>>> print(open('structure.pdb').read())   # PDB, C-alpha atoms, pLDDT in the B column
ATOM      1  CA  MET A  24      10.511   0.514  -5.982  1.00 92.00           C
ATOM      2  CA  GLN A  25      11.351   2.491  -9.097  1.00 95.00           C
ATOM      3  CA  ALA A  26      11.496   6.241  -9.685  1.00 96.00           C
ATOM      4  CA  ARG A  27      11.444   7.204 -13.366  1.00 97.00           C
ATOM      5  CA  PHE A  28      13.095  10.553 -14.140  1.00 97.00           C
ATOM      6  CA  ILE A  29      10.453  12.157 -16.381  1.00 97.00           C
ATOM      7  CA  HIS A  30      10.808  15.922 -16.726  1.00 97.00           C
ATOM      8  CA  ARG A  31      12.527  19.177 -15.960  1.00 96.00           C
ATOM      9  CA  CYS A  32      10.351  22.258 -15.306  1.00 96.00           C
ATOM     10  CA  THR A  33      11.196  25.904 -15.805  1.00 95.00           C
ATOM     11  CA  HIS A  34       9.004  29.004 -15.812  1.00 96.00           C
ATOM     12  CA  VAL A  35       8.895  31.070 -18.989  1.00 97.00           C
ATOM     13  CA  LEU A  36       7.900  34.675 -19.681  1.00 97.00           C
ATOM     14  CA  ASP A  37       7.058  34.292 -23.391  1.00 97.00           C
ATOM     15  CA  ARG A  38       5.366  30.928 -23.936  1.00 97.00           C
ATOM     16  CA  GLU A  39       5.126  31.123 -27.729  1.00 97.00           C
ATOM     17  CA  ALA A  40       8.729  32.288 -28.177  1.00 97.00           C
ATOM     18  CA  THR A  41       9.973  29.496 -25.904  1.00 97.00           C
ATOM     19  CA  ILE A  42       7.968  26.805 -27.700  1.00 98.00           C
ATOM     20  CA  ALA A  43       9.289  28.117 -31.043  1.00 97.00           C
ATOM     21  CA  PHE A  44      12.851  28.114 -29.668  1.00 97.00           C
ATOM     22  CA  TYR A  45      12.759  24.449 -28.574  1.00 97.00           C
ATOM     23  CA  GLU A  46      11.032  23.412 -31.810  1.00 97.00           C
ATOM     24  CA  LYS A  47      13.713  25.030 -33.963  1.00 97.00           C
ATOM     25  CA  ALA A  48      16.832  24.569 -31.792  1.00 97.00           C
ATOM     26  CA  LEU A  49      16.317  20.979 -30.575  1.00 97.00           C
ATOM     27  CA  GLY A  50      13.493  19.425 -32.627  1.00 97.00           C
ATOM     28  CA  PHE A  51      10.951  19.410 -29.797  1.00 98.00           C
ATOM     29  CA  HIS A  52       7.179  19.324 -30.213  1.00 98.00           C
ATOM     30  CA  VAL A  53       4.320  19.998 -27.806  1.00 98.00           C
ATOM     31  CA  VAL A  54       2.960  16.784 -26.264  1.00 98.00           C
ATOM     32  CA  ARG A  55       0.232  18.337 -24.109  1.00 97.00           C
ATOM     33  CA  GLN A  56      -0.776  21.588 -22.479  1.00 97.00           C
ATOM     34  CA  SER A  57      -2.846  22.004 -19.327  1.00 96.00           C
ATOM     35  CA  GLY A  58      -4.224  24.851 -17.233  1.00 96.00           C
ATOM     36  CA  PRO A  59      -7.455  26.505 -16.064  1.00 96.00           C
ATOM     37  CA  ALA A  60     -10.277  27.519 -18.424  1.00 96.00           C
ATOM     38  CA  ASP A  61      -9.559  31.224 -17.895  1.00 97.00           C
ATOM     39  CA  GLY A  62      -6.116  30.800 -19.472  1.00 95.00           C
ATOM     40  CA  SER A  63      -4.342  32.546 -16.595  1.00 97.00           C
ATOM     41  CA  TRP A  64      -1.575  29.929 -16.587  1.00 97.00           C
ATOM     42  CA  THR A  65      -0.497  26.890 -18.581  1.00 97.00           C
ATOM     43  CA  ASN A  66       1.904  23.971 -18.271  1.00 97.00           C
ATOM     44  CA  THR A  67       3.270  22.942 -21.674  1.00 98.00           C
ATOM     45  CA  PHE A  68       5.049  19.586 -21.989  1.00 98.00           C
ATOM     46  CA  MET A  69       7.499  19.154 -24.886  1.00 98.00           C
ATOM     47  CA  GLU A  70       9.766  16.329 -26.055  1.00 97.00           C
ATOM     48  CA  ASN A  71      11.551  15.179 -29.200  1.00 97.00           C
ATOM     49  CA  ASP A  72      11.948  11.808 -30.902  1.00 95.00           C
ATOM     50  CA  ALA A  73      15.439  11.119 -29.497  1.00 95.00           C
ATOM     51  CA  SER A  74      14.428  10.830 -25.820  1.00 93.00           C
ATOM     52  CA  PRO A  75      11.238  10.479 -23.768  1.00 93.00           C
ATOM     53  CA  PHE A  76      12.539  12.986 -21.178  1.00 96.00           C
ATOM     54  CA  GLN A  77      10.328  16.067 -21.272  1.00 97.00           C
ATOM     55  CA  LEU A  78      10.556  19.781 -20.651  1.00 97.00           C
ATOM     56  CA  GLU A  79       7.694  21.365 -18.714  1.00 97.00           C
ATOM     57  CA  LEU A  80       7.258  25.073 -19.447  1.00 97.00           C
ATOM     58  CA  THR A  81       5.097  26.889 -16.892  1.00 97.00           C
ATOM     59  CA  TRP A  82       3.658  30.233 -18.042  1.00 97.00           C
ATOM     60  CA  ASN A  83       1.717  32.815 -15.995  1.00 97.00           C
ATOM     61  CA  ARG A  84      -0.279  35.579 -17.715  1.00 97.00           C
ATOM     62  CA  GLY A  85       0.936  39.083 -16.960  1.00 95.00           C
ATOM     63  CA  ARG A  86       4.271  38.115 -15.427  1.00 95.00           C
ATOM     64  CA  THR A  87       7.146  40.369 -16.460  1.00 94.00           C
ATOM     65  CA  GLU A  88       9.712  39.846 -13.676  1.00 94.00           C
ATOM     66  CA  PRO A  89      12.400  37.277 -14.636  1.00 92.00           C
ATOM     67  CA  TYR A  90      12.006  33.838 -13.091  1.00 93.00           C
ATOM     68  CA  GLU A  91      14.494  32.112 -10.777  1.00 88.00           C
ATOM     69  CA  ASN A  92      15.292  29.155 -13.007  1.00 88.00           C
ATOM     70  CA  GLY A  93      18.944  28.976 -11.973  1.00 86.00           C
ATOM     71  CA  GLY A  94      22.071  30.812 -12.998  1.00 84.00           C
ATOM     72  CA  ARG A  95      25.391  29.698 -14.397  1.00 85.00           C
ATOM     73  CA  ASP A  96      25.615  26.889 -11.821  1.00 89.00           C
ATOM     74  CA  THR A  97      23.071  24.745 -13.651  1.00 92.00           C
ATOM     75  CA  HIS A  98      22.322  23.510 -17.144  1.00 95.00           C
ATOM     76  CA  ILE A  99      20.608  20.816 -19.173  1.00 96.00           C
ATOM     77  CA  ALA A 100      22.486  18.851 -21.843  1.00 97.00           C
ATOM     78  CA  PHE A 101      21.891  17.310 -25.263  1.00 97.00           C
ATOM     79  CA  ALA A 102      24.052  14.883 -27.240  1.00 97.00           C
ATOM     80  CA  VAL A 103      23.616  15.581 -30.970  1.00 97.00           C
ATOM     81  CA  ASP A 104      24.221  13.253 -33.910  1.00 96.00           C
ATOM     82  CA  ASP A 105      25.446  16.006 -36.285  1.00 96.00           C
ATOM     83  CA  PHE A 106      27.493  18.456 -34.230  1.00 97.00           C
ATOM     84  CA  GLU A 107      28.476  20.724 -37.167  1.00 97.00           C
ATOM     85  CA  ALA A 108      24.893  21.026 -38.416  1.00 97.00           C
ATOM     86  CA  TYR A 109      23.584  21.930 -34.938  1.00 97.00           C
ATOM     87  CA  HIS A 110      26.414  24.414 -34.421  1.00 97.00           C
ATOM     88  CA  LYS A 111      25.546  26.120 -37.718  1.00 98.00           C
ATOM     89  CA  LEU A 112      21.838  26.181 -36.829  1.00 98.00           C
ATOM     90  CA  HIS A 113      22.501  27.671 -33.389  1.00 98.00           C
ATOM     91  CA  GLN A 114      24.872  30.256 -34.871  1.00 98.00           C
ATOM     92  CA  GLU A 115      22.134  31.294 -37.301  1.00 98.00           C
ATOM     93  CA  MET A 116      19.657  31.494 -34.413  1.00 97.00           C
ATOM     94  CA  GLY A 117      22.090  33.702 -32.460  1.00 97.00           C
ATOM     95  CA  CYS A 118      21.606  31.677 -29.271  1.00 97.00           C
ATOM     96  CA  ILE A 119      25.196  30.521 -28.605  1.00 97.00           C
ATOM     97  CA  GLU A 120      26.312  31.729 -25.182  1.00 96.00           C
ATOM     98  CA  LYS A 121      29.777  30.179 -24.896  1.00 96.00           C
ATOM     99  CA  GLU A 122      32.061  28.149 -27.123  1.00 96.00           C
ATOM    100  CA  ASN A 123      34.343  25.539 -25.576  1.00 95.00           C
ATOM    101  CA  PRO A 124      36.349  24.096 -28.502  1.00 93.00           C
ATOM    102  CA  ALA A 125      38.941  22.592 -26.125  1.00 93.00           C
ATOM    103  CA  MET A 126      36.225  20.322 -24.715  1.00 92.00           C
ATOM    104  CA  GLY A 127      34.423  19.989 -28.066  1.00 96.00           C
ATOM    105  CA  LEU A 128      31.143  21.447 -26.845  1.00 97.00           C
ATOM    106  CA  TYR A 129      29.242  24.717 -26.536  1.00 98.00           C
ATOM    107  CA  PHE A 130      26.368  26.261 -24.621  1.00 97.00           C
ATOM    108  CA  ILE A 131      23.216  27.942 -25.908  1.00 97.00           C
ATOM    109  CA  THR A 132      20.562  29.774 -23.877  1.00 96.00           C
ATOM    110  CA  ASP A 133      16.799  29.636 -24.183  1.00 96.00           C
ATOM    111  CA  PRO A 134      14.637  32.810 -24.117  1.00 95.00           C
ATOM    112  CA  ASP A 135      14.599  32.847 -20.282  1.00 94.00           C
ATOM    113  CA  GLY A 136      18.358  32.370 -20.042  1.00 92.00           C
ATOM    114  CA  GLN A 137      18.400  28.658 -19.211  1.00 93.00           C
ATOM    115  CA  ARG A 138      21.831  27.275 -20.185  1.00 95.00           C
ATOM    116  CA  ILE A 139      21.890  24.265 -22.530  1.00 97.00           C
ATOM    117  CA  GLU A 140      25.037  22.241 -23.225  1.00 97.00           C
ATOM    118  CA  ILE A 141      25.425  20.791 -26.734  1.00 98.00           C
ATOM    119  CA  LEU A 142      27.929  17.964 -27.210  1.00 97.00           C
ATOM    120  CA  PRO A 143      28.494  15.294 -29.871  1.00 97.00           C
ATOM    121  CA  GLU A 144      27.078  11.779 -29.421  1.00 94.00           C
TER     122      GLU A 144
ATOM    123  CA  MET B   4      19.421  15.688 -37.006  1.00 91.00           C
ATOM    124  CA  GLN B   5      18.678  14.399 -33.526  1.00 95.00           C
ATOM    125  CA  ALA B   6      19.351  15.931 -30.110  1.00 96.00           C
ATOM    126  CA  ARG B   7      19.172  13.441 -27.248  1.00 96.00           C
ATOM    127  CA  PHE B   8      18.272  14.953 -23.881  1.00 97.00           C
ATOM    128  CA  ILE B   9      20.915  13.359 -21.636  1.00 97.00           C
ATOM    129  CA  HIS B  10      21.413  15.160 -18.321  1.00 97.00           C
ATOM    130  CA  ARG B  11      20.609  17.904 -15.888  1.00 96.00           C
ATOM    131  CA  CYS B  12      23.512  19.555 -14.021  1.00 96.00           C
ATOM    132  CA  THR B  13      23.487  21.271 -10.659  1.00 95.00           C
ATOM    133  CA  HIS B  14      26.332  22.387  -8.398  1.00 96.00           C
ATOM    134  CA  VAL B  15      26.524  20.865  -4.936  1.00 97.00           C
ATOM    135  CA  LEU B  16      28.240  21.976  -1.736  1.00 97.00           C
ATOM    136  CA  ASP B  17      28.499  18.544  -0.058  1.00 97.00           C
ATOM    137  CA  ARG B  18      29.262  15.922  -2.692  1.00 97.00           C
ATOM    138  CA  GLU B  19      29.073  12.881  -0.434  1.00 97.00           C
ATOM    139  CA  ALA B  20      25.815  13.986   1.224  1.00 97.00           C
ATOM    140  CA  THR B  21      24.246  14.648  -2.184  1.00 97.00           C
ATOM    141  CA  ILE B  22      25.325  11.298  -3.618  1.00 98.00           C
ATOM    142  CA  ALA B  23      23.942   9.573  -0.505  1.00 97.00           C
ATOM    143  CA  PHE B  24      20.681  11.533  -0.831  1.00 97.00           C
ATOM    144  CA  TYR B  25      20.042  10.461  -4.447  1.00 97.00           C
ATOM    145  CA  GLU B  26      21.065   6.875  -3.677  1.00 97.00           C
ATOM    146  CA  LYS B  27      18.583   6.598  -0.812  1.00 97.00           C
ATOM    147  CA  ALA B  28      15.744   8.836  -2.017  1.00 97.00           C
ATOM    148  CA  LEU B  29      15.555   7.826  -5.681  1.00 97.00           C
ATOM    149  CA  GLY B  30      17.641   4.675  -6.162  1.00 97.00           C
ATOM    150  CA  PHE B  31      20.460   6.373  -8.088  1.00 98.00           C
ATOM    151  CA  HIS B  32      24.023   5.101  -8.390  1.00 98.00           C
ATOM    152  CA  VAL B  33      27.238   6.749  -9.560  1.00 98.00           C
ATOM    153  CA  VAL B  34      27.973   5.992 -13.222  1.00 98.00           C
ATOM    154  CA  ARG B  35      31.245   7.937 -13.518  1.00 97.00           C
ATOM    155  CA  GLN B  36      33.178  10.746 -11.911  1.00 97.00           C
ATOM    156  CA  SER B  37      35.679  13.052 -13.628  1.00 96.00           C
ATOM    157  CA  GLY B  38      37.934  15.944 -12.641  1.00 96.00           C
ATOM    158  CA  PRO B  39      41.580  16.995 -12.360  1.00 96.00           C
ATOM    159  CA  ALA B  40      44.223  14.944 -10.539  1.00 96.00           C
ATOM    160  CA  ASP B  41      44.479  17.506  -7.722  1.00 97.00           C
ATOM    161  CA  GLY B  42      40.867  16.810  -6.764  1.00 95.00           C
ATOM    162  CA  SER B  43      39.917  20.497  -6.753  1.00 97.00           C
ATOM    163  CA  TRP B  44      36.636  19.774  -8.531  1.00 97.00           C
ATOM    164  CA  THR B  45      34.638  16.789  -9.753  1.00 97.00           C
ATOM    165  CA  ASN B  46      31.688  16.064 -12.005  1.00 97.00           C
ATOM    166  CA  THR B  47      29.707  13.063 -10.759  1.00 98.00           C
ATOM    167  CA  PHE B  48      27.162  11.448 -13.094  1.00 98.00           C
ATOM    168  CA  MET B  49      24.337   9.435 -11.509  1.00 98.00           C
ATOM    169  CA  GLU B  50      21.340   7.515 -12.871  1.00 97.00           C
ATOM    170  CA  ASN B  51      18.956   4.769 -11.805  1.00 97.00           C
ATOM    171  CA  ASP B  52      17.569   1.690 -13.543  1.00 95.00           C
ATOM    172  CA  ALA B  53      14.217   3.281 -14.442  1.00 95.00           C
ATOM    173  CA  SER B  54      15.581   5.888 -16.885  1.00 93.00           C
ATOM    174  CA  PRO B  55      18.824   6.640 -18.748  1.00 93.00           C
ATOM    175  CA  PHE B  56      18.490  10.377 -17.993  1.00 96.00           C
ATOM    176  CA  GLN B  57      21.343  11.412 -15.707  1.00 97.00           C
ATOM    177  CA  LEU B  58      22.068  13.927 -12.994  1.00 97.00           C
ATOM    178  CA  GLU B  59      25.437  15.681 -13.159  1.00 97.00           C
ATOM    179  CA  LEU B  60      26.645  16.938  -9.776  1.00 97.00           C
ATOM    180  CA  THR B  61      29.465  19.475  -9.997  1.00 97.00           C
ATOM    181  CA  TRP B  62      31.492  19.978  -6.814  1.00 97.00           C
ATOM    182  CA  ASN B  63      34.226  22.547  -6.095  1.00 97.00           C
ATOM    183  CA  ARG B  64      36.566  22.136  -3.123  1.00 97.00           C
ATOM    184  CA  GLY B  65      36.327  24.891  -0.533  1.00 95.00           C
ATOM    185  CA  ARG B  66      33.083  26.420  -1.779  1.00 95.00           C
ATOM    186  CA  THR B  67      30.704  27.431   1.007  1.00 94.00           C
ATOM    187  CA  GLU B  68      28.447  30.032  -0.661  1.00 94.00           C
ATOM    188  CA  PRO B  69      25.151  28.521  -1.866  1.00 92.00           C
ATOM    189  CA  TYR B  70      24.912  27.879  -5.604  1.00 93.00           C
ATOM    190  CA  GLU B  71      22.409  29.432  -8.017  1.00 88.00           C
ATOM    191  CA  ASN B  72      20.660  26.246  -9.062  1.00 88.00           C
ATOM    192  CA  GLY B  73      17.231  27.854  -9.336  1.00 86.00           C
ATOM    193  CA  GLY B  74      14.506  28.700  -6.868  1.00 84.00           C
ATOM    194  CA  ARG B  75      10.859  27.757  -6.580  1.00 85.00           C
ATOM    195  CA  ASP B  76      10.316  28.421 -10.303  1.00 89.00           C
ATOM    196  CA  THR B  77      12.043  25.222 -11.323  1.00 92.00           C
ATOM    197  CA  HIS B  78      12.040  21.530 -10.466  1.00 95.00           C
ATOM    198  CA  ILE B  79      12.812  18.043 -11.730  1.00 96.00           C
ATOM    199  CA  ALA B  80      10.197  15.259 -11.596  1.00 97.00           C
ATOM    200  CA  PHE B  81       9.985  11.525 -10.981  1.00 97.00           C
ATOM    201  CA  ALA B  82       7.071   9.132 -11.575  1.00 97.00           C
ATOM    202  CA  VAL B  83       7.200   6.353  -8.955  1.00 97.00           C
ATOM    203  CA  ASP B  84       5.695   2.867  -9.124  1.00 96.00           C
ATOM    204  CA  ASP B  85       4.867   2.676  -5.384  1.00 96.00           C
ATOM    205  CA  PHE B  86       3.717   6.132  -4.290  1.00 97.00           C
ATOM    206  CA  GLU B  87       2.946   5.152  -0.665  1.00 97.00           C
ATOM    207  CA  ALA B  88       6.313   3.467  -0.155  1.00 97.00           C
ATOM    208  CA  TYR B  89       8.209   6.466  -1.542  1.00 97.00           C
ATOM    209  CA  HIS B  90       6.127   8.870   0.544  1.00 97.00           C
ATOM    210  CA  LYS B  91       6.935   6.885   3.691  1.00 98.00           C
ATOM    211  CA  LEU B  92      10.651   6.781   2.778  1.00 98.00           C
ATOM    212  CA  HIS B  93      10.789  10.524   2.136  1.00 98.00           C
ATOM    213  CA  GLN B  94       8.922  11.230   5.371  1.00 98.00           C
ATOM    214  CA  GLU B  95      11.493   9.165   7.245  1.00 98.00           C
ATOM    215  CA  MET B  96      14.296  11.043   5.471  1.00 97.00           C
ATOM    216  CA  GLY B  97      12.715  14.378   6.475  1.00 97.00           C
ATOM    217  CA  CYS B  98      13.109  15.803   2.960  1.00 97.00           C
ATOM    218  CA  ILE B  99       9.474  16.570   2.089  1.00 97.00           C
ATOM    219  CA  GLU B 100       9.105  20.268   1.279  1.00 96.00           C
ATOM    220  CA  LYS B 101       5.435  20.493   0.282  1.00 96.00           C
ATOM    221  CA  GLU B 102       2.482  18.130   0.158  1.00 96.00           C
ATOM    222  CA  ASN B 103      -0.143  18.551  -2.563  1.00 95.00           C
ATOM    223  CA  PRO B 104      -2.778  15.858  -1.820  1.00 93.00           C
ATOM    224  CA  ALA B 105      -5.338  17.608  -4.069  1.00 93.00           C
ATOM    225  CA  MET B 106      -3.086  16.922  -7.055  1.00 92.00           C
ATOM    226  CA  GLY B 107      -1.838  13.588  -5.666  1.00 96.00           C
ATOM    227  CA  LEU B 108       1.824  14.597  -5.562  1.00 97.00           C
ATOM    228  CA  TYR B 109       4.459  16.137  -3.309  1.00 98.00           C
ATOM    229  CA  PHE B 110       7.843  17.846  -3.488  1.00 97.00           C
ATOM    230  CA  ILE B 111      11.101  16.944  -1.790  1.00 97.00           C
ATOM    231  CA  THR B 112      14.355  18.934  -1.769  1.00 96.00           C
ATOM    232  CA  ASP B 113      17.917  17.733  -2.190  1.00 96.00           C
ATOM    233  CA  PRO B 114      20.758  18.966   0.101  1.00 95.00           C
ATOM    234  CA  ASP B 115      21.274  22.110  -2.037  1.00 94.00           C
ATOM    235  CA  GLY B 116      17.558  22.927  -2.104  1.00 92.00           C
ATOM    236  CA  GLN B 117      16.771  21.655  -5.597  1.00 93.00           C
ATOM    237  CA  ARG B 118      13.019  20.929  -5.751  1.00 95.00           C
ATOM    238  CA  ILE B 119      11.958  17.437  -6.868  1.00 97.00           C
ATOM    239  CA  GLU B 120       8.353  16.521  -7.729  1.00 97.00           C
ATOM    240  CA  ILE B 121       7.201  12.985  -6.874  1.00 98.00           C
ATOM    241  CA  LEU B 122       4.066  11.699  -8.590  1.00 97.00           C
ATOM    242  CA  PRO B 123       2.581   8.251  -9.198  1.00 97.00           C
ATOM    243  CA  GLU B 124       3.178   6.414 -12.497  1.00 94.00           C
TER     244      GLU B 124
END
>>> encode(input="structure.pdb", output="C-alpha cells")
Amino acid sequence: MQARFIHRCTHVLDREATIAFYEKALGFHVVRQSGPADGSWTNTFMENDASPFQLELTWNRGRTEPYENGGRDTHIAFAVDDFEAYHKLHQEMGCIEKENPAMGLYFITDPDGQRIEILPE
Amino acid sequence: MQARFIHRCTHVLDREATIAFYEKALGFHVVRQSGPADGSWTNTFMENDASPFQLELTWNRGRTEPYENGGRDTHIAFAVDDFEAYHKLHQEMGCIEKENPAMGLYFITDPDGQRIEILPE
C-alpha cells in the first residue's frame, strides 16, 4: 500500500492574480484547469519543473469574503538554488512578510495571505 | 533559478498522536526532529516512500488552544495505489470526514482537523 503526496489545495479570491503570483514568484505553470461549463468555479493545478508536487487553487465566482486557508500556524516551503536572486525578486514583488536572517530564510505571502517559507537548497 | 516545493507545515497539539496518525494512516515515518535542548518546542519532519514531499509538524509544550491551520477551504491530497484497502483502514481508524462516491474520493482528518483528500492513483 502506497500513498503518494500529490497536492496542497487553497481557495483563492482572485484566480488570475494568484496564477500570476506563482508564475512570477516560484516559476510555476498551469498544468490543468477543471470546473463546470457555466464557469461558476474552477480548480487550477500548478507545478514547476523542480518538483512534481502541485498546488490546487480553487476559485468561486462572486466570492469576496476571505477564505480560511490557515493563519500563521501553517505554511508551505520551497528550497531555492539561488537564494540571493529569489530574495531580490521577492523584494521587487513586495511580497516578503518576514525576514529571518538568523535562520537564513524568509517568508513571503501569496495574494490570499498563505505563508510561504523560502530557504536555500 | 529553481524553487523546489519541499514541505507543508502545520502546528499540532498532540505530537505523539499526530505522528502515530500519519504512520498508520499514510505510511509516514519520522525523518528528523529539531528544537531547543529544553524541549519546549519541536519541529518533526515526516515523509513516506512514495514521495519526497514532507510534512512538518510543529509542537509547543503546554499549548491547549486549537491552532489556525486552515478550515474547510484547504486540504492536502494523496493518490493511493489500493483505494479499497486504504478506505477500509481509514474506516477502522474512524478518521473519515466525508465520503464523495460520485467523484470516487473521500476526505479524512488528522488529530488537529487538517483535511486530507484520498483518491485513487
>>> interface_residues(input="structure.pdb", of="chain A", to="chain B", cutoff="7 Å", atoms="only C-alpha atoms", output="VMD selection string")
chain A and resid 24 to 34 49 73 to 74 76 90 to 94 96 to 105
>>> write_last_selection(input="structure.pdb", atoms="C-alpha atoms", output="PDB file, keeping the file's coordinate frame")
ATOM      1  CA  MET A  24      10.511   0.514  -5.982  1.00 92.00           C
ATOM      2  CA  GLN A  25      11.351   2.491  -9.097  1.00 95.00           C
ATOM      3  CA  ALA A  26      11.496   6.241  -9.685  1.00 96.00           C
ATOM      4  CA  ARG A  27      11.444   7.204 -13.366  1.00 97.00           C
ATOM      5  CA  PHE A  28      13.095  10.553 -14.140  1.00 97.00           C
ATOM      6  CA  ILE A  29      10.453  12.157 -16.381  1.00 97.00           C
ATOM      7  CA  HIS A  30      10.808  15.922 -16.726  1.00 97.00           C
ATOM      8  CA  ARG A  31      12.527  19.177 -15.960  1.00 96.00           C
ATOM      9  CA  CYS A  32      10.351  22.258 -15.306  1.00 96.00           C
ATOM     10  CA  THR A  33      11.196  25.904 -15.805  1.00 95.00           C
ATOM     11  CA  HIS A  34       9.004  29.004 -15.812  1.00 96.00           C
ATOM     12  CA  LEU A  49      16.317  20.979 -30.575  1.00 97.00           C
ATOM     13  CA  ALA A  73      15.439  11.119 -29.497  1.00 95.00           C
ATOM     14  CA  SER A  74      14.428  10.830 -25.820  1.00 93.00           C
ATOM     15  CA  PHE A  76      12.539  12.986 -21.178  1.00 96.00           C
ATOM     16  CA  TYR A  90      12.006  33.838 -13.091  1.00 93.00           C
ATOM     17  CA  GLU A  91      14.494  32.112 -10.777  1.00 88.00           C
ATOM     18  CA  ASN A  92      15.292  29.155 -13.007  1.00 88.00           C
ATOM     19  CA  GLY A  93      18.944  28.976 -11.973  1.00 86.00           C
ATOM     20  CA  GLY A  94      22.071  30.812 -12.998  1.00 84.00           C
ATOM     21  CA  ASP A  96      25.615  26.889 -11.821  1.00 89.00           C
ATOM     22  CA  THR A  97      23.071  24.745 -13.651  1.00 92.00           C
ATOM     23  CA  HIS A  98      22.322  23.510 -17.144  1.00 95.00           C
ATOM     24  CA  ILE A  99      20.608  20.816 -19.173  1.00 96.00           C
ATOM     25  CA  ALA A 100      22.486  18.851 -21.843  1.00 97.00           C
ATOM     26  CA  PHE A 101      21.891  17.310 -25.263  1.00 97.00           C
ATOM     27  CA  ALA A 102      24.052  14.883 -27.240  1.00 97.00           C
ATOM     28  CA  VAL A 103      23.616  15.581 -30.970  1.00 97.00           C
ATOM     29  CA  ASP A 104      24.221  13.253 -33.910  1.00 96.00           C
ATOM     30  CA  ASP A 105      25.446  16.006 -36.285  1.00 96.00           C
TER      31      ASP A 105
END
>>> resolve_selection(input="structure.pdb", expression="the PyMOL selection byres ((chain A and resi 87) around 12)", output="PDB file with C-alpha atoms, keeping the file's coordinate frame")
ATOM      1  CA  HIS A  34       9.004  29.004 -15.812  1.00 96.00           C
ATOM      2  CA  VAL A  35       8.895  31.070 -18.989  1.00 97.00           C
ATOM      3  CA  LEU A  36       7.900  34.675 -19.681  1.00 97.00           C
ATOM      4  CA  ASP A  37       7.058  34.292 -23.391  1.00 97.00           C
ATOM      5  CA  TRP A  82       3.658  30.233 -18.042  1.00 97.00           C
ATOM      6  CA  ASN A  83       1.717  32.815 -15.995  1.00 97.00           C
ATOM      7  CA  ARG A  84      -0.279  35.579 -17.715  1.00 97.00           C
ATOM      8  CA  GLY A  85       0.936  39.083 -16.960  1.00 95.00           C
ATOM      9  CA  ARG A  86       4.271  38.115 -15.427  1.00 95.00           C
ATOM     10  CA  GLU A  88       9.712  39.846 -13.676  1.00 94.00           C
ATOM     11  CA  PRO A  89      12.400  37.277 -14.636  1.00 92.00           C
ATOM     12  CA  TYR A  90      12.006  33.838 -13.091  1.00 93.00           C
ATOM     13  CA  ASP A 135      14.599  32.847 -20.282  1.00 94.00           C
TER      14      ASP A 135
END
>>> atom_distance(input="structure.pdb", atom1="CA of Ile111 (chain B)", atom2="CA of His93 (chain B)")
7.5 Å
>>> calpha_fit_rmsd(input="structure.pdb", fixed="chain B", moving="chain A")
0.0 Å
>>> atom_distance(input="structure.pdb", atom1="CA of His52 (chain A)", atom2="CA of Cys118 (chain A)")
19.0 Å
>>> atom_distance(input="structure.pdb", atom1="CA of Glu19 (chain B)", atom2="CA of Val33 (chain B)")
11.1 Å
>>> closest_residue(input="structure.pdb", among="A:Gly136, A:Gly117, A:Gly127, A:Gly62", to="Thr41 (chain A)", atoms="only C-alpha atoms")
A:Gly136
>>> resolve_selection(input="structure.pdb", expression="the PyMOL selection byres ((chain A and resi 56) around 6)", output="PyMOL selection string")
chain A and resi 55+57+66-67
>>> closest_residue(input="structure.pdb", among="A:Met116, A:Glu107, A:Phe68, A:Val54", to="Pro134 (chain A)", atoms="all atoms listed in the file")
A:Met116
>>> axis_aligned_box(input="structure.pdb", around="region 30-46 of chain A", padding_each_side="4 Å", output="JSON")
{"center_x": 9.0, "center_y": 25.3, "center_z": -23.6, "size_x": 15.7, "size_y": 26.8, "size_z": 24.5}
